[in-house]
Amino acid sequence: MKLSLGKIISLACGSITRRLYLHTTIVAIFLLVVITITIWTGNTLTMITAIARFERTHTVSLVEALVAFIEYHEHKKPEDLESFHAKMAITQSYNRVFSRLLDMRKDTPEAEFVRVLERTFSETDHKTAVIIVNRIKVLYWHPILKALVADAAGANAAGEKLKVQVAHFLATNNEVEQAALFADIYKTRKESILYETSFSKGCSALSNEISSYINYITIALLIISVGFTGFLAYMISKTVIKEAGRYTSDLEKEIQIRKQTEEALIESKTLVEAVVENAPLMIFLKEATDLRFVLFNSAGEELLGYDRELLLGKNDLDLFPPEQAANFVAKDREVLDGEPGILDIPEEPVMTKKNGLRFLHTRKVCIRGGDGVTKYLLGISEDITERKRDKEIIENRLVSLTQPLDSGSISFEELFNLDELQHIQNAFAEATGVASIITTPEGIPLTRPSNFCRLCKDIIRTSEKGLANCIKSDSVLGEFNPSGPVVQPCMSGGLWDGGASITVGGRHIANWLIGQVRNEAQDEEKMLEYADEINVDRELFRTALAEVTTMSKERFDKVALSLYLLANELSQKAYQNIQQARFIAERNVYEKELQQKNAELERFTYTVSHDLKSPIITIKGFTGSMEKDLLNGNYQRMPGDLKRVKDAADKMSYLLRDLLELSTIGRIINVPEVADMNLLIGDVLAQLAGPLKNHNLTVTVQSVLPTVFCDRQRMAEVLQNLLENAIKYMGDQTEPCIQFGMRTESGENIFFVQDNGIGIDEKYHQIIFGLFNKLDAGSEGTGIGLALVKRIIELHGGRVWVESEGEGKGSRFCFTIKETQQ
Amino acid sequence: MNGEPLTILLVEDNPDHAELIMRNLEDFQVANTLNHVKDGQAALDYLHGRGNYADRKQFPIPHLMLLDLRLPKVDGLDVLKEVKIDEALRAIPVVILTTSDAERDMAMAYDYHANSYVTKPVNFIDFSKLLKDLGFYWLAWNRHPW
């Protein structure tokens with residue numbers, strides 16, 4: 001998982017936001033409930049207040065009614081009685097409505113109920129009336145409300161009773177009766193007031209109760225709000241912590257992974273760096289723009305002999321000779337600008353600081369950035385100098401080994417590995433205690449001397465005369481002697497020497513010499529005289545002579561014999577080497593020939609199958625077409641078609657004839673003989689007299705041409721073909737002429753047939769010699785002539801080519817023959 | 001198929017084969033003009049609108065090129081190679097029509113992005129059918145970008 005800070009925030013927010021939405025919705029519902037309840041309780045209070053106000057109004061009117069009655073009773077004023085009735089009516093109407101509040105809820109339609117209230121209670125408005133109706137509908141079950149209604153009913157009954165009693169009171173004049181009735185009225189009034197009081201108390205009680213409700217609800221709401229907000233905060237913080245925890249752990253994991261990756265990267269980077277650094281090949285990186293080195297490994301430093309501090313930031317021009325640098329840059333550009341892929345440079349020279357000229361095998365590749373733009377050039381080079389030298393040595397040896405023994409010279413170094421032989425010589429000298437060296441037949445040393453004594457090395461050979469004698473003696477010692485080793489006293493000092501020749505195939509190529517030993521039989525005095533003879537100090541000579549190995553003659557003869565056997569064995573081995581090398585070389589030649597023959601055969605088969613198929617298609621095609629035309633009675637184009645068929649069949653037969661001829665050339669070649677070129681061309685021209693005359697051609701032949709050693713018949717074919725071609729491709733030349741002659745270039749005789757005909761564009765100079773290749777599809781012939789010429793000339797060890805300035809400029813066909821003589 | 005005649009470029013050095021091809025294509029119903037060149041150099045000159053073929057009205061870019069392989073002057077494969085390298089010409093459908101059934105030729109032709117490779121049937125009926133099918137496919141069914 002890819003981790004980013006933005007993602008953590010967005011994920012966490014998303015989650016908490018979702019929670020907040022949920023919680024907000026719950027709070028909104030909750031608040032709605034609270035508001036509803038608040039409105040409802042508010043309305044209920046409004047209702048109670050209104051009822052309480054009505055109650056006070058009608059209590060006042062009851063009191064006013066009674067006051068009016070008492071007034072009337074005392075003063076008998078009729079308006080007081082009217083007032084009593086009016087006030088009483090109001091009181092009763094209020095009582096009636098109150099007592100019927102609950103019933104009206106059941107019976108009266110809502111609107112009617114509201115109107116009754118509005119009509120009855122003069123102090124009410126429509127809104128209050130609606131609220132009252134609505135509240136009653138909800139609160140009808142409440143016991144206090146029921147008690148209120150009961151009180152109103154009681155008050156109403158008391159009112160009615162009062163009205164009756166007042167009527168009775170007014171109807172009688174009897175004072176006793178009146179007093180009794182008054183008492184009753186008073187009593188009823190008291191009863192009525194009791195109801196009123198009870199009603200009033202009920203209102204208060206209801207009001208208190210509703211207030212209490214509000215208080216409870218408020219407190220409950222407070223508690224719930226606080227609790228819920230806390231809960232909300234808790235939930236959100238929990239979510240945040242949880243999410244944060246999750247991302248923290250993800251982050252930790254991510255960091256862990258990244259750390260591991262980084263470590264692995266660092267490790268692998270170090271590994272790659274180490275690999276590059278320690279690779280045994282020169283590895284370098286160049287910037288693509290100005291080809292400056294940006295990386296170099298230690299093998300590269302070692303090879304070029306520069307420290308990398310010196311190399312980095314430089315380019316080839318700063319470091320190498322101009323010609324080499326230009327070559328490197330050209331290759332670099334080829335890689336960077338050319339086709340993608342690895343450029344392989346099998347061999348390129350480079351001048352190094354410490355190791356001189358070295359040869360490299362280099363591979364270069366272009367490194368592109370993510371956007372495909374070339375950024376770097378990577379190069380890997382191997383120092384192939386040694387390998388190249390070894391290869392050259394081996395090739396040289398093979399060449400010298402395959403040269404015939406009876407011609408040229410064979411040198412010892414070419415037959416043997418001198419280092420190996422030096423080892424054998426050293427070991428032989430060490431084991432036998434004699435001195436040893438290998439020289440040319442003339443006595444010139446080929447190996448370094450082993451075990452040479454001081455007398456010979458530092459005394460005799462330092463003298464001019466002594467050295468000359470040594471070489472002379474050595475050459476005599478090594479003379480070819482099939483019967484055994486030559487053993488004789490040295491001609492330069494008289495110590496015992498022995499020698500054996502190394503011969504290969506009867507040719508003497510080296511002397512293997514041993515010696516520098518003395519025995520008791522030798523006369524020391526005579527030897528000291530030699531010191532005088534070669535002008536060296538006698539005393540020095542004597543001391544050195546005393547150090548010379550002493551060995552019996554018998555033992556030395558045995559050592560010499562073993563040397564002889566060893567030398568013969570070496571000769572044998574060298575001979576086998578030569579035979580083997582010759583065999584390999586011959587096989588190589590045959591293989592190459594075979595490959596050429598195979599390739600030729602393949603081309604031949606391919607061409608033949610293609611060109612022989614063509615006339616078949618023509619024949620079948622036109623016969624098919626004619627068949628169709630016959631069916632349709634269409635004879636118009638039949639003669640033309642028939643001619644095509646005939647021509648195709650002819651062409652096929654020519655092809656077969658020419659092919660046969662071509663194939664026989666490889667096998668049948670007449671015995672070569674000496675032929676005079678002038679005579680040969682004369683014969684051919686005589687044969688072509690007809691066509692030459694027809695075309696009004698002038699032919700010039702160089703007067704003195706050399707004789708050649710060739711197959712006359714074939715050579716005549718060559719000339720005929722070339723002349724025929726010259727005639728055929730003369731074009732519309734008004735003064736056609738052909739010239740036959742010879743020129744000499746760097747000792748080589750080049751014959752040519754030159755014409756002033758249509759000429760040949762340079763790009764076709766090669767393909768015209770190919771089998772069945774014709775430049776003009778419409779021209780006569782099978783396209784075999786020049787292939788034939790090429791074949792014959794090559795069989796004679798020569799070359800054939802064409803020279804032409806281009807179309808319209810004539811052409812000159814040239815050929816050489818291996819053996820021509822003036 | 002906008003009613004304009006479709007052009008075929010036939011590159012064939014053998015005049016008999018060219019005649020056979022033309023006869024068989026004439027029978028074909030789609031309106032077309034056939035231009036015949038006899039060697040690889042002429043084919044390239046035609047395609048590049050050079051020399052004798054400079055007039056594009058008379059020698060328009062072909063809708064189909066029938067190319068023989070063994071051709072005088074410039075070999076068929078070299079013609080193909082040059083056509084398919086050239087950005088202006090590479091869209092031309094090139095059908096190799098040859099006598100050669102050598103695998104090497106076929107492999108090389110496809111290597112150089114030949115659109116099709118067919119060998120000339122020896123049998124006349126097959127030859128006719130091949131050209132009819134070939135013409136029908138490349139000129140009637142095949143859609144051209146120009």
# chains A, B, ... in the order shown; residues from 1 in each chain; ligands from 1
>>> residues_around(residues="segment 32-41 of chain B", least_positions_apart="2", cutoff="6 Å", atoms="only C-alpha atoms", output="list in words")
Pro5, Leu6, Thr7, Ile8, Leu9, Leu10, Val11, Glu12, Asp13, Ala43, Leu44, Leu71, Pro72, Val74 and Asp75 of chain B
>>> write_last_selection(atoms="C-alpha atoms", output="PDB file, in the first residue's frame")
ATOM      1  CA  PRO B   5     -10.457   3.550 -60.983  1.00  0.00           C
ATOM      2  CA  LEU B   6      -8.047   1.596 -58.825  1.00  0.00           C
ATOM      3  CA  THR B   7      -4.474   1.343 -59.989  1.00  0.00           C
ATOM      4  CA  ILE B   8      -2.387  -1.805 -60.025  1.00  0.00           C
ATOM      5  CA  LEU B   9       1.353  -1.658 -60.511  1.00  0.00           C
ATOM      6  CA  LEU B  10       2.637  -4.885 -62.024  1.00  0.00           C
ATOM      7  CA  VAL B  11       6.391  -5.415 -61.752  1.00  0.00           C
ATOM      8  CA  GLU B  12       7.167  -8.414 -63.965  1.00  0.00           C
ATOM      9  CA  ASP B  13      10.121  -8.977 -66.271  1.00  0.00           C
ATOM     10  CA  ALA B  43       9.364   0.069 -60.372  1.00  0.00           C
ATOM     11  CA  LEU B  44      11.249   2.367 -58.019  1.00  0.00           C
ATOM     12  CA  LEU B  71      14.059  -8.809 -61.615  1.00  0.00           C
ATOM     13  CA  PRO B  72      16.673  -7.201 -63.812  1.00  0.00           C
ATOM     14  CA  VAL B  74      17.172  -4.078 -58.976  1.00  0.00           C
ATOM     15  CA  ASP B  75      16.043  -7.269 -57.317  1.00  0.00           C
TER      16      ASP B  75
END
>>> closest_atom_pairs(of="chain A", to="chain B", cutoff="9 Å", atoms="only C-alpha atoms", output="Markdown table")
| residue | atom | partner | partner_atom | distance |
| --- | --- | --- | --- | --- |
| A:Tyr606 | CA | B:Ala102 | CA | 7.3 |
| A:Thr607 | CA | B:Ser100 | CA | 8.9 |
| A:Ser609 | CA | B:Ser100 | CA | 7.7 |
| A:His610 | CA | B:Ser100 | CA | 5.5 |
| A:Asp611 | CA | B:Thr99 | CA | 8.2 |
| A:Lys613 | CA | B:Thr99 | CA | 6.6 |
| A:Ser614 | CA | B:Thr99 | CA | 6.6 |
| A:Pro615 | CA | B:Asp16 | CA | 8.6 |
| A:Ile616 | CA | B:Val122 | CA | 6.8 |
| A:Ile617 | CA | B:Val122 | CA | 4.8 |
| A:Thr618 | CA | B:Asp16 | CA | 6.0 |
| A:Ile619 | CA | B:Val122 | CA | 9.0 |
| A:Lys620 | CA | B:Phe124 | CA | 5.8 |
| A:Gly621 | CA | B:Phe124 | CA | 4.6 |
| A:Phe622 | CA | B:Leu20 | CA | 7.4 |
| A:Thr623 | CA | B:Phe124 | CA | 8.0 |
| A:Gly624 | CA | B:Phe124 | CA | 5.3 |
| A:Ser625 | CA | B:Phe124 | CA | 7.5 |
| A:Arg644 | CA | B:Asp16 | CA | 6.9 |
| A:Val645 | CA | B:Asp16 | CA | 9.0 |
| A:Ala648 | CA | B:Asp16 | CA | 8.6 |
| A:Lys763 | CA | B:Lys73 | CA | 8.4 |
| A:Tyr764 | CA | B:Lys73 | CA | 6.4 |
| A:Ile767 | CA | B:Lys73 | CA | 7.9 |
| A:Ile768 | CA | B:Lys73 | CA | 8.6 |
| A:Asn773 | CA | B:Pro72 | CA | 6.5 |
| A:Lys774 | CA | B:Pro72 | CA | 5.4 |
| A:Leu775 | CA | B:Pro72 | CA | 4.6 |
| A:Asp776 | CA | B:Pro72 | CA | 6.4 |
| A:Ala777 | CA | B:Asp13 | CA | 5.4 |
| A:Gly778 | CA | B:Pro15 | CA | 8.0 |
>>> write_last_selection(atoms="N, CA and C atoms", output="JSON list (two decimals), in the first residue's frame")
[["chain", "number", "residue", "atom", "x", "y", "z"],
["A", 606, "TYR", "N", 18.50, -22.96, -56.94],
["A", 606, "TYR", "CA", 17.46, -21.96, -56.75],
["A", 606, "TYR", "C", 17.14, -21.29, -58.08],
["A", 607, "THR", "N", 18.21, -20.83, -58.74],
["A", 607, "THR", "CA", 18.03, -20.13, -60.01],
["A", 607, "THR", "C", 17.39, -21.04, -61.04],
["A", 609, "SER", "N", 15.57, -23.71, -60.62],
["A", 609, "SER", "CA", 14.17, -24.04, -60.35],
["A", 609, "SER", "C", 13.27, -22.86, -60.70],
["A", 610, "HIS", "N", 13.77, -21.65, -60.41],
["A", 610, "HIS", "CA", 12.98, -20.46, -60.72],
["A", 610, "HIS", "C", 12.87, -20.26, -62.23],
["A", 611, "ASP", "N", 14.01, -20.32, -62.90],
["A", 611, "ASP", "CA", 13.99, -19.97, -64.31],
["A", 611, "ASP", "C", 13.41, -21.06, -65.19],
["A", 613, "LYS", "N", 10.93, -22.90, -64.15],
["A", 613, "LYS", "CA", 9.50, -22.90, -63.85],
["A", 613, "LYS", "C", 8.78, -21.84, -64.70],
["A", 614, "SER", "N", 9.49, -20.76, -64.94],
["A", 614, "SER", "CA", 8.88, -19.65, -65.69],
["A", 614, "SER", "C", 8.29, -20.08, -67.04],
["A", 615, "PRO", "N", 9.11, -20.73, -67.92],
["A", 615, "PRO", "CA", 8.52, -21.13, -69.21],
["A", 615, "PRO", "C", 7.38, -22.13, -69.06],
["A", 616, "ILE", "N", 7.44, -22.95, -68.00],
["A", 616, "ILE", "CA", 6.34, -23.92, -67.80],
["A", 616, "ILE", "C", 5.04, -23.17, -67.53],
["A", 617, "ILE", "N", 5.16, -22.15, -66.68],
["A", 617, "ILE", "CA", 3.97, -21.35, -66.37],
["A", 617, "ILE", "C", 3.43, -20.70, -67.65],
["A", 618, "THR", "N", 4.37, -20.19, -68.45],
["A", 618, "THR", "CA", 3.96, -19.56, -69.71],
["A", 618, "THR", "C", 3.23, -20.57, -70.59],
["A", 619, "ILE", "N", 3.84, -21.73, -70.75],
["A", 619, "ILE", "CA", 3.25, -22.74, -71.65],
["A", 619, "ILE", "C", 1.88, -23.16, -71.16],
["A", 620, "LYS", "N", 1.81, -23.50, -69.85],
["A", 620, "LYS", "CA", 0.52, -23.96, -69.31],
["A", 620, "LYS", "C", -0.51, -22.83, -69.35],
["A", 621, "GLY", "N", -0.04, -21.63, -69.05],
["A", 621, "GLY", "CA", -0.93, -20.47, -69.02],
["A", 621, "GLY", "C", -1.55, -20.21, -70.38],
["A", 622, "PHE", "N", -0.72, -20.18, -71.41],
["A", 622, "PHE", "CA", -1.26, -19.83, -72.72],
["A", 622, "PHE", "C", -2.02, -20.98, -73.37],
["A", 623, "THR", "N", -1.60, -22.21, -73.07],
["A", 623, "THR", "CA", -2.40, -23.32, -73.61],
["A", 623, "THR", "C", -3.77, -23.30, -72.94],
["A", 624, "GLY", "N", -3.80, -23.00, -71.63],
["A", 624, "GLY", "CA", -5.07, -22.90, -70.91],
["A", 624, "GLY", "C", -5.94, -21.80, -71.51],
["A", 625, "SER", "N", -5.29, -20.70, -71.78],
["A", 625, "SER", "CA", -6.02, -19.56, -72.34],
["A", 625, "SER", "C", -6.58, -19.90, -73.72],
["A", 644, "ARG", "N", 3.99, -17.60, -78.33],
["A", 644, "ARG", "CA", 4.51, -17.51, -76.96],
["A", 644, "ARG", "C", 4.85, -18.89, -76.41],
["A", 645, "VAL", "N", 3.96, -19.84, -76.66],
["A", 645, "VAL", "CA", 4.18, -21.20, -76.17],
["A", 645, "VAL", "C", 5.45, -21.77, -76.80],
["A", 648, "ALA", "N", 8.53, -20.13, -75.44],
["A", 648, "ALA", "CA", 8.81, -20.58, -74.07],
["A", 648, "ALA", "C", 9.46, -21.95, -74.09],
["A", 763, "LYS", "N", 26.10, 0.57, -60.67],
["A", 763, "LYS", "CA", 25.45, -0.28, -59.65],
["A", 763, "LYS", "C", 25.16, -1.69, -60.14],
["A", 764, "TYR", "N", 25.23, -1.91, -61.46],
["A", 764, "TYR", "CA", 24.96, -3.26, -61.97],
["A", 764, "TYR", "C", 26.24, -4.02, -62.28],
["A", 767, "ILE", "N", 26.09, -7.54, -60.47],
["A", 767, "ILE", "CA", 25.02, -8.54, -60.70],
["A", 767, "ILE", "C", 25.01, -9.09, -62.12],
["A", 768, "ILE", "N", 25.62, -8.38, -63.06],
["A", 768, "ILE", "CA", 25.58, -8.90, -64.44],
["A", 768, "ILE", "C", 26.28, -10.25, -64.58],
["A", 773, "ASN", "N", 21.08, -13.57, -64.78],
["A", 773, "ASN", "CA", 20.80, -12.16, -64.54],
["A", 773, "ASN", "C", 20.91, -11.39, -65.85],
["A", 774, "LYS", "N", 19.82, -10.69, -66.16],
["A", 774, "LYS", "CA", 19.82, -9.85, -67.36],
["A", 774, "LYS", "C", 19.34, -8.47, -66.96],
["A", 775, "LEU", "N", 19.98, -7.46, -67.52],
["A", 775, "LEU", "CA", 19.56, -6.10, -67.18],
["A", 775, "LEU", "C", 18.33, -5.71, -67.97],
["A", 776, "ASP", "N", 18.27, -6.20, -69.19],
["A", 776, "ASP", "CA", 17.13, -5.87, -70.04],
["A", 776, "ASP", "C", 16.30, -7.13, -70.22],
["A", 777, "ALA", "N", 15.08, -7.10, -69.66],
["A", 777, "ALA", "CA", 14.24, -8.29, -69.68],
["A", 777, "ALA", "C", 13.93, -8.70, -71.12],
["A", 778, "GLY", "N", 13.93, -7.72, -72.03],
["A", 778, "GLY", "CA", 13.52, -8.00, -73.40],
["A", 778, "GLY", "C", 14.64, -8.52, -74.29]]
>>> select_by_dssp(residues="segment 4-125 of chain B", states="strand (DSSP E or B)", output="list in words")
Leu6, Thr7, Ile8, Leu9, Leu10, Val11, Asn32, Thr33, Leu34, Asn35, His36, Val37, Leu64, Met65, Leu66, Leu67, Val94, Val95, Ile96, Leu97, Thr98, Ser116, Tyr117, Val118 and Thr119 of chain B
>>> write_last_selection(atoms="N, CA and C atoms", output="mmCIF file, in the first residue's frame")
data_model
loop_
_atom_site.group_PDB
_atom_site.id
_atom_site.type_symbol
_atom_site.label_atom_id
_atom_site.label_comp_id
_atom_site.auth_asym_id
_atom_site.auth_seq_id
_atom_site.Cartn_x
_atom_site.Cartn_y
_atom_site.Cartn_z
ATOM 1 N N LEU B 6 -9.150 1.992 -59.703
ATOM 2 C CA LEU B 6 -8.047 1.596 -58.825
ATOM 3 C C LEU B 6 -6.856 1.223 -59.700
ATOM 4 N N THR B 7 -5.673 1.566 -59.189
ATOM 5 C CA THR B 7 -4.474 1.343 -59.989
ATOM 6 C C THR B 7 -3.685 0.157 -59.453
ATOM 7 N N ILE B 8 -3.267 -0.694 -60.395
ATOM 8 C CA ILE B 8 -2.387 -1.805 -60.025
ATOM 9 C C ILE B 8 -1.038 -1.543 -60.692
ATOM 10 N N LEU B 9 0.023 -1.719 -59.907
ATOM 11 C CA LEU B 9 1.353 -1.658 -60.511
ATOM 12 C C LEU B 9 1.885 -3.082 -60.592
ATOM 13 N N LEU B 10 2.120 -3.538 -61.820
ATOM 14 C CA LEU B 10 2.637 -4.885 -62.024
ATOM 15 C C LEU B 10 4.124 -4.786 -62.346
ATOM 16 N N VAL B 11 4.949 -5.416 -61.500
ATOM 17 C CA VAL B 11 6.391 -5.415 -61.752
ATOM 18 C C VAL B 11 6.759 -6.842 -62.144
ATOM 19 N N ASN B 32 -10.316 -0.870 -63.043
ATOM 20 C CA ASN B 32 -8.939 -0.634 -62.612
ATOM 21 C C ASN B 32 -8.039 -0.367 -63.803
ATOM 22 N N THR B 33 -6.934 0.335 -63.522
ATOM 23 C CA THR B 33 -5.921 0.525 -64.546
ATOM 24 C C THR B 33 -4.687 -0.220 -64.103
ATOM 25 N N LEU B 34 -4.046 -0.871 -65.067
ATOM 26 C CA LEU B 34 -2.853 -1.620 -64.728
ATOM 27 C C LEU B 34 -1.647 -0.982 -65.414
ATOM 28 N N ASN B 35 -0.639 -0.655 -64.602
ATOM 29 C CA ASN B 35 0.608 -0.158 -65.168
ATOM 30 C C ASN B 35 1.667 -1.227 -64.999
ATOM 31 N N HIS B 36 2.345 -1.499 -66.104
ATOM 32 C CA HIS B 36 3.305 -2.608 -66.087
ATOM 33 C C HIS B 36 4.725 -2.080 -66.256
ATOM 34 N N VAL B 37 5.606 -2.426 -65.328
ATOM 35 C CA VAL B 37 7.018 -2.101 -65.511
ATOM 36 C C VAL B 37 7.816 -3.393 -65.509
ATOM 37 N N LEU B 64 -2.464 -1.359 -55.410
ATOM 38 C CA LEU B 64 -1.949 -2.718 -55.229
ATOM 39 C C LEU B 64 -0.701 -2.852 -56.085
ATOM 40 N N MET B 65 0.318 -3.488 -55.489
ATOM 41 C CA MET B 65 1.528 -3.700 -56.266
ATOM 42 C C MET B 65 1.784 -5.197 -56.325
ATOM 43 N N LEU B 66 1.867 -5.719 -57.541
ATOM 44 C CA LEU B 66 2.199 -7.138 -57.734
ATOM 45 C C LEU B 66 3.671 -7.178 -58.112
ATOM 46 N N LEU B 67 4.468 -7.804 -57.267
ATOM 47 C CA LEU B 67 5.921 -7.698 -57.419
ATOM 48 C C LEU B 67 6.550 -9.069 -57.599
ATOM 49 N N VAL B 94 1.750 -4.636 -50.948
ATOM 50 C CA VAL B 94 2.656 -5.282 -51.903
ATOM 51 C C VAL B 94 2.441 -6.791 -51.824
ATOM 52 N N VAL B 95 1.994 -7.361 -52.928
ATOM 53 C CA VAL B 95 1.823 -8.811 -52.994
ATOM 54 C C VAL B 95 2.965 -9.364 -53.841
ATOM 55 N N ILE B 96 3.745 -10.224 -53.211
ATOM 56 C CA ILE B 96 4.838 -10.860 -53.946
ATOM 57 C C ILE B 96 4.225 -11.977 -54.791
ATOM 58 N N LEU B 97 4.414 -11.864 -56.111
ATOM 59 C CA LEU B 97 3.868 -12.861 -57.036
ATOM 60 C C LEU B 97 5.056 -13.416 -57.814
ATOM 61 N N THR B 98 5.451 -14.622 -57.450
ATOM 62 C CA THR B 98 6.732 -15.112 -57.960
ATOM 63 C C THR B 98 6.667 -16.592 -58.292
ATOM 64 N N SER B 116 1.727 -9.860 -48.675
ATOM 65 C CA SER B 116 1.290 -11.201 -49.012
ATOM 66 C C SER B 116 2.362 -11.840 -49.891
ATOM 67 N N TYR B 117 2.387 -13.149 -49.882
ATOM 68 C CA TYR B 117 3.378 -13.852 -50.706
ATOM 69 C C TYR B 117 2.668 -15.009 -51.396
ATOM 70 N N VAL B 118 2.590 -14.947 -52.711
ATOM 71 C CA VAL B 118 1.960 -16.063 -53.424
ATOM 72 C C VAL B 118 2.878 -16.519 -54.555
ATOM 73 N N THR B 119 2.861 -17.830 -54.798
ATOM 74 C CA THR B 119 3.669 -18.346 -55.904
ATOM 75 C C THR B 119 2.742 -18.566 -57.095
#
>>> select_by_dssp(residues="segment 10-140 of chain B", states="helix (DSSP H, G or I)", output="PyMOL selection string")
chain B and resi 15-26+40-48+51-53+76-85+103-111+124-140
>>> residues_around(residues="Pro143 of chain A", least_positions_apart="5", cutoff="10 Å", atoms="only C-alpha atoms", output="PyMOL selection string")
chain A and resi 148-149+202+206
>>> write_last_selection(atoms="N, CA and C atoms", output="mmCIF file, in the first residue's frame")
data_model
loop_
_atom_site.group_PDB
_atom_site.id
_atom_site.type_symbol
_atom_site.label_atom_id
_atom_site.label_comp_id
_atom_site.auth_asym_id
_atom_site.auth_seq_id
_atom_site.Cartn_x
_atom_site.Cartn_y
_atom_site.Cartn_z
ATOM 1 N N LEU A 148 -62.144 20.072 37.091
ATOM 2 C CA LEU A 148 -62.541 21.432 36.703
ATOM 3 C C LEU A 148 -63.929 21.424 36.098
ATOM 4 N N VAL A 149 -64.113 20.446 35.186
ATOM 5 C CA VAL A 149 -65.426 20.346 34.501
ATOM 6 C C VAL A 149 -66.533 20.068 35.536
ATOM 7 N N GLY A 202 -58.270 24.313 41.055
ATOM 8 C CA GLY A 202 -57.944 23.304 40.003
ATOM 9 C C GLY A 202 -57.033 23.897 38.933
ATOM 10 N N LEU A 206 -53.436 22.615 37.961
ATOM 11 C CA LEU A 206 -53.031 22.198 36.613
ATOM 12 C C LEU A 206 -51.791 22.980 36.146
#
>>> residues_around(residues="His58 of chain A", least_positions_apart="3", cutoff="9 Å", atoms="only C-alpha atoms", output="list in words")
Arg53, Phe54, Glu55, Ser61, Leu62, Val63, Lys87, Met88, Ile90, Thr91, Gln92, Ser93, Tyr94 and Asn95 of chain A
>>> write_last_selection(atoms="C-alpha atoms", output="PDB file, in the first residue's frame")
ATOM      1  CA  ARG A  53     -58.929  34.427  33.348  1.00  0.00           C
ATOM      2  CA  PHE A  54     -62.443  33.284  32.275  1.00  0.00           C
ATOM      3  CA  GLU A  55     -62.983  31.940  35.765  1.00  0.00           C
ATOM      4  CA  SER A  61     -70.041  38.710  37.298  1.00  0.00           C
ATOM      5  CA  LEU A  62     -71.623  36.333  39.867  1.00  0.00           C
ATOM      6  CA  VAL A  63     -70.632  38.691  42.673  1.00  0.00           C
ATOM      7  CA  LYS A  87     -74.790  39.231  35.182  1.00  0.00           C
ATOM      8  CA  MET A  88     -76.324  35.926  36.106  1.00  0.00           C
ATOM      9  CA  ILE A  90     -73.021  35.708  31.786  1.00  0.00           C
ATOM     10  CA  THR A  91     -72.043  33.634  34.801  1.00  0.00           C
ATOM     11  CA  GLN A  92     -74.205  30.766  33.722  1.00  0.00           C
ATOM     12  CA  SER A  93     -73.077  30.865  30.126  1.00  0.00           C
ATOM     13  CA  TYR A  94     -69.476  30.566  31.338  1.00  0.00           C
ATOM     14  CA  ASN A  95     -70.467  27.728  33.709  1.00  0.00           C
TER      15      ASN A  95
END
>>> residues_around(residues="segment 188-193 of chain A", least_positions_apart="5", cutoff="9 Å", atoms="only C-alpha atoms", output="PyMOL selection string")
chain A and resi 59+62-63+66+154-159+161-162+165+183+198
>>> atom_distance(atom1="atom CA of Asn511 of chain A", atom2="atom CA of Ser492 of chain A")
17.1 Å
>>> atom_distance(atom1="atom CA of Ile219 of chain A", atom2="atom CA of Ser207 of chain A")
18.2 Å
>>> atom_distance(atom1="atom CA of Arg119 of chain A", atom2="atom CA of Ser99 of chain A")
15.9 Å
